[in-house]
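Next comes structure_18.cif, with mmCIF, N, CA and C atoms.
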data_structure
loop_
_atom_site.group_PDB
_atom_site.id
_atom_site.type_symbol
_atom_site.label_atom_id
_atom_site.label_comp_id
_atom_site.auth_asym_id
_atom_site.auth_seq_id
_atom_site.Cartn_x
_atom_site.Cartn_y
_atom_site.Cartn_z
ATOM 1 N N MET A 601 145.690 108.307 56.976
ATOM 2 C CA MET A 601 145.309 108.086 58.345
ATOM 3 C C MET A 601 144.147 108.996 58.738
ATOM 4 N N MET A 602 144.133 110.227 58.241
ATOM 5 C CA MET A 602 143.060 111.146 58.592
ATOM 6 C C MET A 602 141.744 110.700 57.965
ATOM 7 N N GLY A 603 141.789 109.864 56.913
ATOM 8 C CA GLY A 603 140.570 109.367 56.298
ATOM 9 C C GLY A 603 139.761 108.481 57.223
ATOM 10 N N ASP A 604 140.391 107.850 58.196
ATOM 11 C CA ASP A 604 139.702 106.986 59.140
ATOM 12 C C ASP A 604 139.010 107.773 60.255
ATOM 13 N N VAL A 605 139.346 109.034 60.380
ATOM 14 C CA VAL A 605 138.819 109.862 61.453
ATOM 15 C C VAL A 605 137.951 110.942 60.832
ATOM 16 N N ARG A 606 136.712 111.077 61.306
ATOM 17 C CA ARG A 606 135.843 112.105 60.747
ATOM 18 C C ARG A 606 135.757 113.301 61.683
ATOM 19 N N TYR A 607 135.568 114.472 61.092
ATOM 20 C CA TYR A 607 135.464 115.717 61.843
ATOM 21 C C TYR A 607 134.014 115.928 62.266
ATOM 22 N N ILE A 608 133.818 116.260 63.544
ATOM 23 C CA ILE A 608 132.492 116.542 64.071
ATOM 24 C C ILE A 608 132.390 118.045 64.317
ATOM 25 N N PRO A 609 131.442 118.742 63.672
ATOM 26 C CA PRO A 609 131.309 120.185 63.885
ATOM 27 C C PRO A 609 130.777 120.503 65.283
ATOM 28 N N PRO A 610 131.006 121.727 65.765
ATOM 29 C CA PRO A 610 130.594 122.102 67.126
ATOM 30 C C PRO A 610 129.103 121.890 67.416
ATOM 31 N N GLU A 611 128.251 121.995 66.406
ATOM 32 C CA GLU A 611 126.810 121.822 66.628
ATOM 33 C C GLU A 611 126.453 120.409 67.088
ATOM 34 N N GLN A 612 127.313 119.439 66.825
ATOM 35 C CA GLN A 612 127.030 118.044 67.165
ATOM 36 C C GLN A 612 127.829 117.553 68.369
ATOM 37 N N TRP A 613 128.552 118.445 69.056
ATOM 38 C CA TRP A 613 129.405 118.014 70.156
ATOM 39 C C TRP A 613 128.634 117.414 71.322
ATOM 40 N N ASN A 614 127.408 117.886 71.591
ATOM 41 C CA ASN A 614 126.685 117.391 72.759
ATOM 42 C C ASN A 614 126.278 115.928 72.630
ATOM 43 N N THR A 615 126.397 115.347 71.444
ATOM 44 C CA THR A 615 126.054 113.937 71.254
ATOM 45 C C THR A 615 127.261 113.012 71.405
ATOM 46 N N LEU A 616 128.426 113.570 71.666
ATOM 47 C CA LEU A 616 129.649 112.778 71.689
ATOM 48 C C LEU A 616 129.894 112.150 73.053
ATOM 49 N N PRO A 617 130.561 110.990 73.086
ATOM 50 C CA PRO A 617 130.825 110.318 74.359
ATOM 51 C C PRO A 617 131.960 110.933 75.184
ATOM 52 N N VAL A 618 132.841 111.705 74.550
ATOM 53 C CA VAL A 618 133.955 112.308 75.270
ATOM 54 C C VAL A 618 133.609 113.769 75.534
ATOM 55 N N GLN A 619 133.552 114.148 76.812
ATOM 56 C CA GLN A 619 133.227 115.531 77.177
ATOM 57 C C GLN A 619 134.278 116.034 78.150
ATOM 58 N N PRO A 620 134.824 117.230 78.071
ATOM 59 C CA PRO A 620 134.623 118.139 76.957
ATOM 60 C C PRO A 620 135.462 117.697 75.763
ATOM 61 N N PRO A 621 134.996 117.937 74.560
ATOM 62 C CA PRO A 621 135.759 117.538 73.386
ATOM 63 C C PRO A 621 137.044 118.355 73.260
ATOM 64 N N SER A 622 137.993 117.794 72.578
ATOM 65 C CA SER A 622 139.270 118.493 72.413
ATOM 66 C C SER A 622 139.099 119.777 71.621
ATOM 67 N N GLY A 623 138.085 119.857 70.776
ATOM 68 C CA GLY A 623 137.824 121.076 70.027
ATOM 69 C C GLY A 623 137.515 122.255 70.936
ATOM 70 N N LEU A 624 136.902 121.966 72.093
ATOM 71 C CA LEU A 624 136.636 123.022 73.068
ATOM 72 C C LEU A 624 137.946 123.593 73.599
ATOM 73 N N TRP A 625 138.914 122.714 73.860
ATOM 74 C CA TRP A 625 140.220 123.178 74.316
ATOM 75 C C TRP A 625 140.926 123.967 73.224
ATOM 76 N N HIS A 626 140.717 123.579 71.971
ATOM 77 C CA HIS A 626 141.291 124.337 70.855
ATOM 78 C C HIS A 626 140.711 125.744 70.843
ATOM 79 N N ARG A 627 139.388 125.852 71.012
ATOM 80 C CA ARG A 627 138.745 127.169 71.030
ATOM 81 C C ARG A 627 139.256 128.019 72.194
ATOM 82 N N ARG A 628 139.520 127.405 73.326
ATOM 83 C CA ARG A 628 140.028 128.138 74.480
ATOM 84 C C ARG A 628 141.473 128.574 74.275
ATOM 85 N N ALA A 629 142.251 127.764 73.576
ATOM 86 C CA ALA A 629 143.684 128.033 73.429
ATOM 87 C C ALA A 629 144.008 129.068 72.364
ATOM 88 N N VAL A 630 143.192 129.176 71.329
ATOM 89 C CA VAL A 630 143.513 130.076 70.216
ATOM 90 C C VAL A 630 143.695 131.530 70.677
ATOM 91 N N PRO A 631 142.794 132.105 71.508
ATOM 92 C CA PRO A 631 143.043 133.491 71.943
ATOM 93 C C PRO A 631 144.340 133.644 72.730
ATOM 94 N N TRP A 632 144.681 132.655 73.543
ATOM 95 C CA TRP A 632 145.947 132.706 74.287
ATOM 96 C C TRP A 632 147.124 132.697 73.331
ATOM 97 N N MET A 633 147.070 131.825 72.339
ATOM 98 C CA MET A 633 148.177 131.726 71.391
ATOM 99 C C MET A 633 148.357 133.039 70.621
ATOM 100 N N VAL A 634 147.247 133.636 70.203
ATOM 101 C CA VAL A 634 147.317 134.900 69.470
ATOM 102 C C VAL A 634 147.905 135.992 70.358
ATOM 103 N N SER A 635 147.453 136.062 71.611
ATOM 104 C CA SER A 635 147.973 137.106 72.499
ATOM 105 C C SER A 635 149.449 136.897 72.810
ATOM 106 N N VAL A 636 149.870 135.651 72.976
ATOM 107 C CA VAL A 636 151.281 135.373 73.237
ATOM 108 C C VAL A 636 152.130 135.773 72.036
ATOM 109 N N LEU A 637 151.692 135.404 70.850
ATOM 110 C CA LEU A 637 152.457 135.758 69.652
ATOM 111 C C LEU A 637 152.501 137.269 69.441
ATOM 112 N N ALA A 638 151.391 137.956 69.713
ATOM 113 C CA ALA A 638 151.379 139.411 69.583
ATOM 114 C C ALA A 638 152.321 140.054 70.591
ATOM 115 N N THR A 639 152.312 139.558 71.821
ATOM 116 C CA THR A 639 153.200 140.098 72.850
ATOM 117 C C THR A 639 154.665 139.859 72.487
ATOM 118 N N VAL A 640 154.960 138.671 72.007
ATOM 119 C CA VAL A 640 156.332 138.362 71.602
ATOM 120 C C VAL A 640 156.769 139.293 70.472
ATOM 121 N N ALA A 641 155.884 139.532 69.515
ATOM 122 C CA ALA A 641 156.225 140.430 68.409
ATOM 123 C C ALA A 641 156.498 141.844 68.909
ATOM 124 N N VAL A 642 155.677 142.337 69.829
ATOM 125 C CA VAL A 642 155.879 143.677 70.387
ATOM 126 C C VAL A 642 157.197 143.735 71.153
ATOM 127 N N ILE A 643 157.490 142.700 71.929
ATOM 128 C CA ILE A 643 158.735 142.671 72.703
ATOM 129 C C ILE A 643 159.947 142.669 71.771
ATOM 130 N N VAL A 644 159.883 141.875 70.714
ATOM 131 C CA VAL A 644 161.003 141.815 69.774
ATOM 132 C C VAL A 644 161.202 143.168 69.095
ATOM 133 N N ILE A 645 160.118 143.784 68.656
ATOM 134 C CA ILE A 645 160.232 145.101 68.006
ATOM 135 C C ILE A 645 160.776 146.135 68.983
ATOM 136 N N ALA A 646 160.249 146.144 70.209
ATOM 137 C CA ALA A 646 160.730 147.100 71.214
ATOM 138 C C ALA A 646 162.202 146.869 71.530
ATOM 139 N N THR A 647 162.594 145.620 71.638
ATOM 140 C CA THR A 647 163.994 145.306 71.928
ATOM 141 C C THR A 647 164.904 145.803 70.811
ATOM 142 N N VAL A 648 164.516 145.539 69.586
ATOM 143 C CA VAL A 648 165.333 145.985 68.453
ATOM 144 C C VAL A 648 165.449 147.509 68.445
ATOM 145 N N LEU A 649 164.329 148.197 68.667
ATOM 146 C CA LEU A 649 164.367 149.661 68.676
ATOM 147 C C LEU A 649 165.237 150.211 69.805
ATOM 148 N N ILE A 650 165.127 149.610 70.978
ATOM 149 C CA ILE A 650 165.926 150.089 72.111
ATOM 150 C C ILE A 650 167.403 149.804 71.892
ATOM 151 N N VAL A 651 167.698 148.630 71.360
ATOM 152 C CA VAL A 651 169.102 148.289 71.115
ATOM 153 C C VAL A 651 169.689 149.211 70.050
ATOM 154 N N VAL A 652 168.912 149.535 69.047
ATOM 155 C CA VAL A 652 169.411 150.411 67.988
ATOM 156 C C VAL A 652 169.703 151.806 68.527
ATOM 157 N N PHE A 653 168.838 152.319 69.381
ATOM 158 C CA PHE A 653 169.001 153.690 69.851
ATOM 159 C C PHE A 653 169.785 153.826 71.153
ATOM 160 N N ARG A 654 169.936 152.738 71.921
ATOM 161 C CA ARG A 654 170.702 152.779 73.181
ATOM 162 C C ARG A 654 171.514 151.499 73.322
ATOM 163 N N ALA A 655 172.615 151.433 72.689
ATOM 164 C CA ALA A 655 173.422 150.217 72.648
ATOM 165 C C ALA A 655 173.982 149.817 74.011
ATOM 166 N N GLN A 656 174.108 150.750 74.968
ATOM 167 C CA GLN A 656 174.698 150.410 76.260
ATOM 168 C C GLN A 656 173.765 149.552 77.139
ATOM 169 N N THR A 657 172.490 149.445 76.804
ATOM 170 C CA THR A 657 171.551 148.671 77.622
ATOM 171 C C THR A 657 171.269 147.281 77.052
ATOM 172 N N VAL A 658 172.137 146.772 76.241
ATOM 173 C CA VAL A 658 171.908 145.511 75.540
ATOM 174 C C VAL A 658 171.701 144.336 76.487
ATOM 175 N N ALA A 659 172.463 144.228 77.544
ATOM 176 C CA ALA A 659 172.405 143.046 78.413
ATOM 177 C C ALA A 659 171.014 142.832 79.006
ATOM 178 N N TRP A 660 170.442 143.823 79.679
ATOM 179 C CA TRP A 660 169.132 143.605 80.299
ATOM 180 C C TRP A 660 168.001 143.663 79.295
ATOM 181 N N ILE A 661 168.189 144.327 78.174
ATOM 182 C CA ILE A 661 167.158 144.401 77.139
ATOM 183 C C ILE A 661 166.953 143.035 76.489
ATOM 184 N N ILE A 662 167.982 142.240 76.427
ATOM 185 C CA ILE A 662 167.839 140.923 75.806
ATOM 186 C C ILE A 662 167.263 139.911 76.793
ATOM 187 N N TRP A 663 167.657 139.940 78.054
ATOM 188 C CA TRP A 663 167.206 138.924 79.006
ATOM 189 C C TRP A 663 165.771 139.107 79.472
ATOM 190 N N ILE A 664 165.282 140.337 79.578
ATOM 191 C CA ILE A 664 163.889 140.542 79.988
ATOM 192 C C ILE A 664 162.911 139.968 78.957
ATOM 193 N N PRO A 665 163.040 140.257 77.663
ATOM 194 C CA PRO A 665 162.118 139.634 76.698
ATOM 195 C C PRO A 665 162.210 138.110 76.673
ATOM 196 N N ILE A 666 163.406 137.576 76.822
ATOM 197 C CA ILE A 666 163.550 136.116 76.837
ATOM 198 C C ILE A 666 162.782 135.529 78.021
ATOM 199 N N ALA A 667 162.891 136.146 79.186
ATOM 200 C CA ALA A 667 162.160 135.669 80.367
ATOM 201 C C ALA A 667 160.653 135.763 80.144
ATOM 202 N N ILE A 668 160.185 136.860 79.576
ATOM 203 C CA ILE A 668 158.745 137.030 79.323
ATOM 204 C C ILE A 668 158.243 135.986 78.332
ATOM 205 N N VAL A 669 159.008 135.709 77.309
ATOM 206 C CA VAL A 669 158.610 134.701 76.328
ATOM 207 C C VAL A 669 158.454 133.342 77.000
ATOM 208 N N PHE A 670 159.402 132.948 77.835
ATOM 209 C CA PHE A 670 159.296 131.662 78.516
ATOM 210 C C PHE A 670 158.110 131.618 79.461
ATOM 211 N N ILE A 671 157.821 132.712 80.137
ATOM 212 C CA ILE A 671 156.672 132.759 81.040
ATOM 213 C C ILE A 671 155.364 132.638 80.254
ATOM 214 N N GLU A 672 155.295 133.241 79.095
ATOM 215 C CA GLU A 672 154.073 133.189 78.301
ATOM 216 C C GLU A 672 153.869 131.852 77.595
ATOM 217 N N ILE A 673 154.891 131.068 77.458
ATOM 218 C CA ILE A 673 154.738 129.760 76.818
ATOM 219 C C ILE A 673 153.994 128.793 77.736
ATOM 220 N N VAL A 674 154.029 129.015 79.031
ATOM 221 C CA VAL A 674 153.387 128.111 79.984
ATOM 222 C C VAL A 674 151.898 127.916 79.692
ATOM 223 N N PRO A 675 151.073 128.976 79.474
ATOM 224 C CA PRO A 675 149.653 128.723 79.175
ATOM 225 C C PRO A 675 149.442 127.873 77.930
ATOM 226 N N ILE A 676 150.259 128.072 76.918
ATOM 227 C CA ILE A 676 150.116 127.267 75.707
ATOM 228 C C ILE A 676 150.416 125.802 76.005
ATOM 229 N N LEU A 677 151.446 125.543 76.791
ATOM 230 C CA LEU A 677 151.761 124.165 77.152
ATOM 231 C C LEU A 677 150.640 123.532 77.969
ATOM 232 N N VAL A 678 150.059 124.287 78.902
ATOM 233 C CA VAL A 678 148.961 123.758 79.724
ATOM 234 C C VAL A 678 147.769 123.414 78.838
ATOM 235 N N PHE A 679 147.381 124.327 77.941
ATOM 236 C CA PHE A 679 146.261 124.040 77.050
ATOM 237 C C PHE A 679 146.559 122.838 76.156
ATOM 238 N N SER A 680 147.769 122.727 75.682
ATOM 239 C CA SER A 680 148.131 121.598 74.814
ATOM 240 C C SER A 680 148.015 120.275 75.554
ATOM 241 N N LEU A 681 148.503 120.246 76.788
ATOM 242 C CA LEU A 681 148.416 119.021 77.578
ATOM 243 C C LEU A 681 146.968 118.675 77.905
ATOM 244 N N LYS A 682 146.164 119.686 78.255
ATOM 245 C CA LYS A 682 144.751 119.438 78.574
ATOM 246 C C LYS A 682 143.997 118.935 77.347
ATOM 247 N N ALA A 683 144.328 119.423 76.169
ATOM 248 C CA ALA A 683 143.626 119.021 74.953
ATOM 249 C C ALA A 683 144.087 117.660 74.452
ATOM 250 N N SER A 684 145.288 117.236 74.805
ATOM 251 C CA SER A 684 145.812 115.984 74.253
ATOM 252 C C SER A 684 145.062 114.756 74.744
ATOM 253 N N VAL A 685 144.585 114.765 75.979
ATOM 254 C CA VAL A 685 143.879 113.592 76.518
ATOM 255 C C VAL A 685 142.555 113.367 75.796
ATOM 256 N N PRO A 686 141.629 114.358 75.742
ATOM 257 C CA PRO A 686 140.388 114.096 74.999
ATOM 258 C C PRO A 686 140.627 113.903 73.503
ATOM 259 N N TYR A 687 141.655 114.555 72.954
ATOM 260 C CA TYR A 687 141.949 114.367 71.534
ATOM 261 C C TYR A 687 142.328 112.913 71.262
ATOM 262 N N SER A 688 143.152 112.332 72.112
ATOM 263 C CA SER A 688 143.545 110.925 71.934
ATOM 264 C C SER A 688 142.333 110.002 72.056
ATOM 265 N N ARG A 689 141.467 110.284 73.035
ATOM 266 C CA ARG A 689 140.258 109.467 73.188
ATOM 267 C C ARG A 689 139.366 109.572 71.956
ATOM 268 N N GLU A 690 139.214 110.793 71.447
ATOM 269 C CA GLU A 690 138.388 110.982 70.255
ATOM 270 C C GLU A 690 138.951 110.211 69.069
ATOM 271 N N ARG A 691 140.246 110.301 68.863
ATOM 272 C CA ARG A 691 140.864 109.608 67.726
ATOM 273 C C ARG A 691 140.647 108.102 67.823
ATOM 274 N N LYS A 692 140.726 107.553 69.041
ATOM 275 C CA LYS A 692 140.504 106.116 69.212
ATOM 276 C C LYS A 692 139.071 105.730 68.876
ATOM 277 N N LEU A 693 138.129 106.656 69.092
ATOM 278 C CA LEU A 693 136.720 106.391 68.789
ATOM 279 C C LEU A 693 136.374 106.665 67.322
ATOM 280 N N GLY A 694 137.313 107.199 66.553
ATOM 281 C CA GLY A 694 137.115 107.392 65.120
ATOM 282 C C GLY A 694 136.608 108.752 64.704
ATOM 283 N N TYR A 695 136.666 109.733 65.588
ATOM 284 C CA TYR A 695 136.259 111.077 65.205
ATOM 285 C C TYR A 695 137.160 112.073 65.917
ATOM 286 N N THR A 696 137.057 113.340 65.517
ATOM 287 C CA THR A 696 137.776 114.397 66.203
ATOM 288 C C THR A 696 136.964 115.680 66.145
ATOM 289 N N THR A 697 137.040 116.470 67.192
ATOM 290 C CA THR A 697 136.417 117.799 67.197
ATOM 291 C C THR A 697 137.464 118.873 66.975
ATOM 292 N N TRP A 698 138.705 118.454 66.855
ATOM 293 C CA TRP A 698 139.792 119.389 66.566
ATOM 294 C C TRP A 698 139.668 119.789 65.106
ATOM 295 N N PRO A 699 139.654 121.082 64.804
ATOM 296 C CA PRO A 699 139.442 121.500 63.412
ATOM 297 C C PRO A 699 140.530 120.956 62.488
ATOM 298 N N THR A 700 140.111 120.506 61.315
ATOM 299 C CA THR A 700 141.086 120.075 60.324
ATOM 300 C C THR A 700 141.591 121.304 59.599
ATOM 301 N N ARG A 701 142.630 121.164 58.838
ATOM 302 C CA ARG A 701 143.184 122.313 58.121
ATOM 303 C C ARG A 701 142.143 122.888 57.180
ATOM 304 N N GLY A 702 142.025 124.208 57.212
ATOM 305 C CA GLY A 702 141.075 124.870 56.346
ATOM 306 C C GLY A 702 139.692 125.005 56.943
ATOM 307 N N ARG A 703 139.398 124.279 58.018
ATOM 308 C CA ARG A 703 138.087 124.353 58.686
ATOM 309 C C ARG A 703 138.265 124.976 60.050
ATOM 310 N N ARG A 704 137.405 125.908 60.389
ATOM 311 C CA ARG A 704 137.436 126.482 61.741
ATOM 312 C C ARG A 704 136.046 126.674 62.225
#
Rewrite the structure from the file as structure tokens, please.
Amino acid sequence: MMGDVRYIPPEQWNTLPVQPPSGLWHRRAVPWMVSVLATVAVIVIATVLIVVFRAQTVAWIIWIPIAIVFIEIVPILVFSLKASVPYSRERKLGYTTWPTRGRR
């Protein structure tokens, strides 16, 4: 199925009929995704360390990171929804600006 769709590099985006291309949304979303994953990793490590050294605070130590994780997922969902519309249009036209695996 991917053989029917060709990848358009960023240098050629201004010639495309769909603006902004979904690849632009991908570029915008990647820093958010990295920061969310880094924050989640820090929260998990901090939670484990606090639970190990202060077992009496387990209840609030577990619920605060869970709440933060859910709050941080919202930007990723918004970017995903915003990128899905132009991505679908691009696929129907036979090309995509969304990077294929191995290409960035």
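Nearest to Trp632 of chain A of all the residues A:Pro686, A:Pro699, A:Pro675, A:Gly694 is A:Pro675, based on only N, CA and C atoms.
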Separation of atom N of Ile676 of chain A from atom C of Met633 of chain A in Å: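 Result for atom C of Met633 of chain A versus atom N of Ile676 of chain A: 8.2 Å, one decimal.
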Å distance separating atom N of Val652 of chain A from atom N of Ile664 of chain A, one decimal place: 14.4 Å
Two-atom distance - atom CA of Leu637 of chain A, atom CA of Ile668 of chain A (Å):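 Result for atom CA of Leu637 of chain A versus atom CA of Ile668 of chain A: 11.6 Å, one decimal.
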Closest of A:Leu649, A:Pro609, A:Ala629, A:Asp604 to Ser680 of chain A - atom-to-atom distances counting all atoms listed in the file: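 Smallest separation from Ser680 of chain A among the options: A:Ala629.
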Shortest interatomic distance to Ser622 of chain A - which of A:Val648, A:Ile608, A:Val678, A:Ala683, counting only N, CA and C atoms: A:Ala683
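For Val640 of chain A, the residues within 8 Å (counting only N, CA and C atoms, excluding itself and residues fewer than 5 positions away along the chain) are Val634, Ser635, Ile645, Ala646, Pro665, Ile668 and Val669 of chain A.
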With N, CA and C atoms kept, could you save the residues just selected as a compact mmCIF listing (two decimals), in the frame of the given file?
# COMPACT_ATOMS: atom_id res chain seq x y z
N VAL A 634 147.25 133.64 70.20
CA VAL A 634 147.32 134.90 69.47
C VAL A 634 147.90 135.99 70.36
N SER A 635 147.45 136.06 71.61
CA SER A 635 147.97 137.11 72.50
C SER A 635 149.45 136.90 72.81
N ILE A 645 160.12 143.78 68.66
CA ILE A 645 160.23 145.10 68.01
C ILE A 645 160.78 146.14 68.98
N ALA A 646 160.25 146.14 70.21
CA ALA A 646 160.73 147.10 71.21
C ALA A 646 162.20 146.87 71.53
N PRO A 665 163.04 140.26 77.66
CA PRO A 665 162.12 139.63 76.70
C PRO A 665 162.21 138.11 76.67
N ILE A 668 160.18 136.86 79.58
CA ILE A 668 158.74 137.03 79.32
C ILE A 668 158.24 135.99 78.33
N VAL A 669 159.01 135.71 77.31
CA VAL A 669 158.61 134.70 76.33
C VAL A 669 158.45 133.34 77.00
Of the listed residues A:Thr639, A:Pro610, A:Val605, A:Val644, that which approaches His626 of chain A most closely, counting only C-alpha atoms: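 Closest to His626 of chain A of all the choices is A:Pro610.
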Proximity to Val636 of chain A - best of A:Asn614, A:Ala667, A:Ile673, A:Val651, all atoms listed in the file: A:Ile673
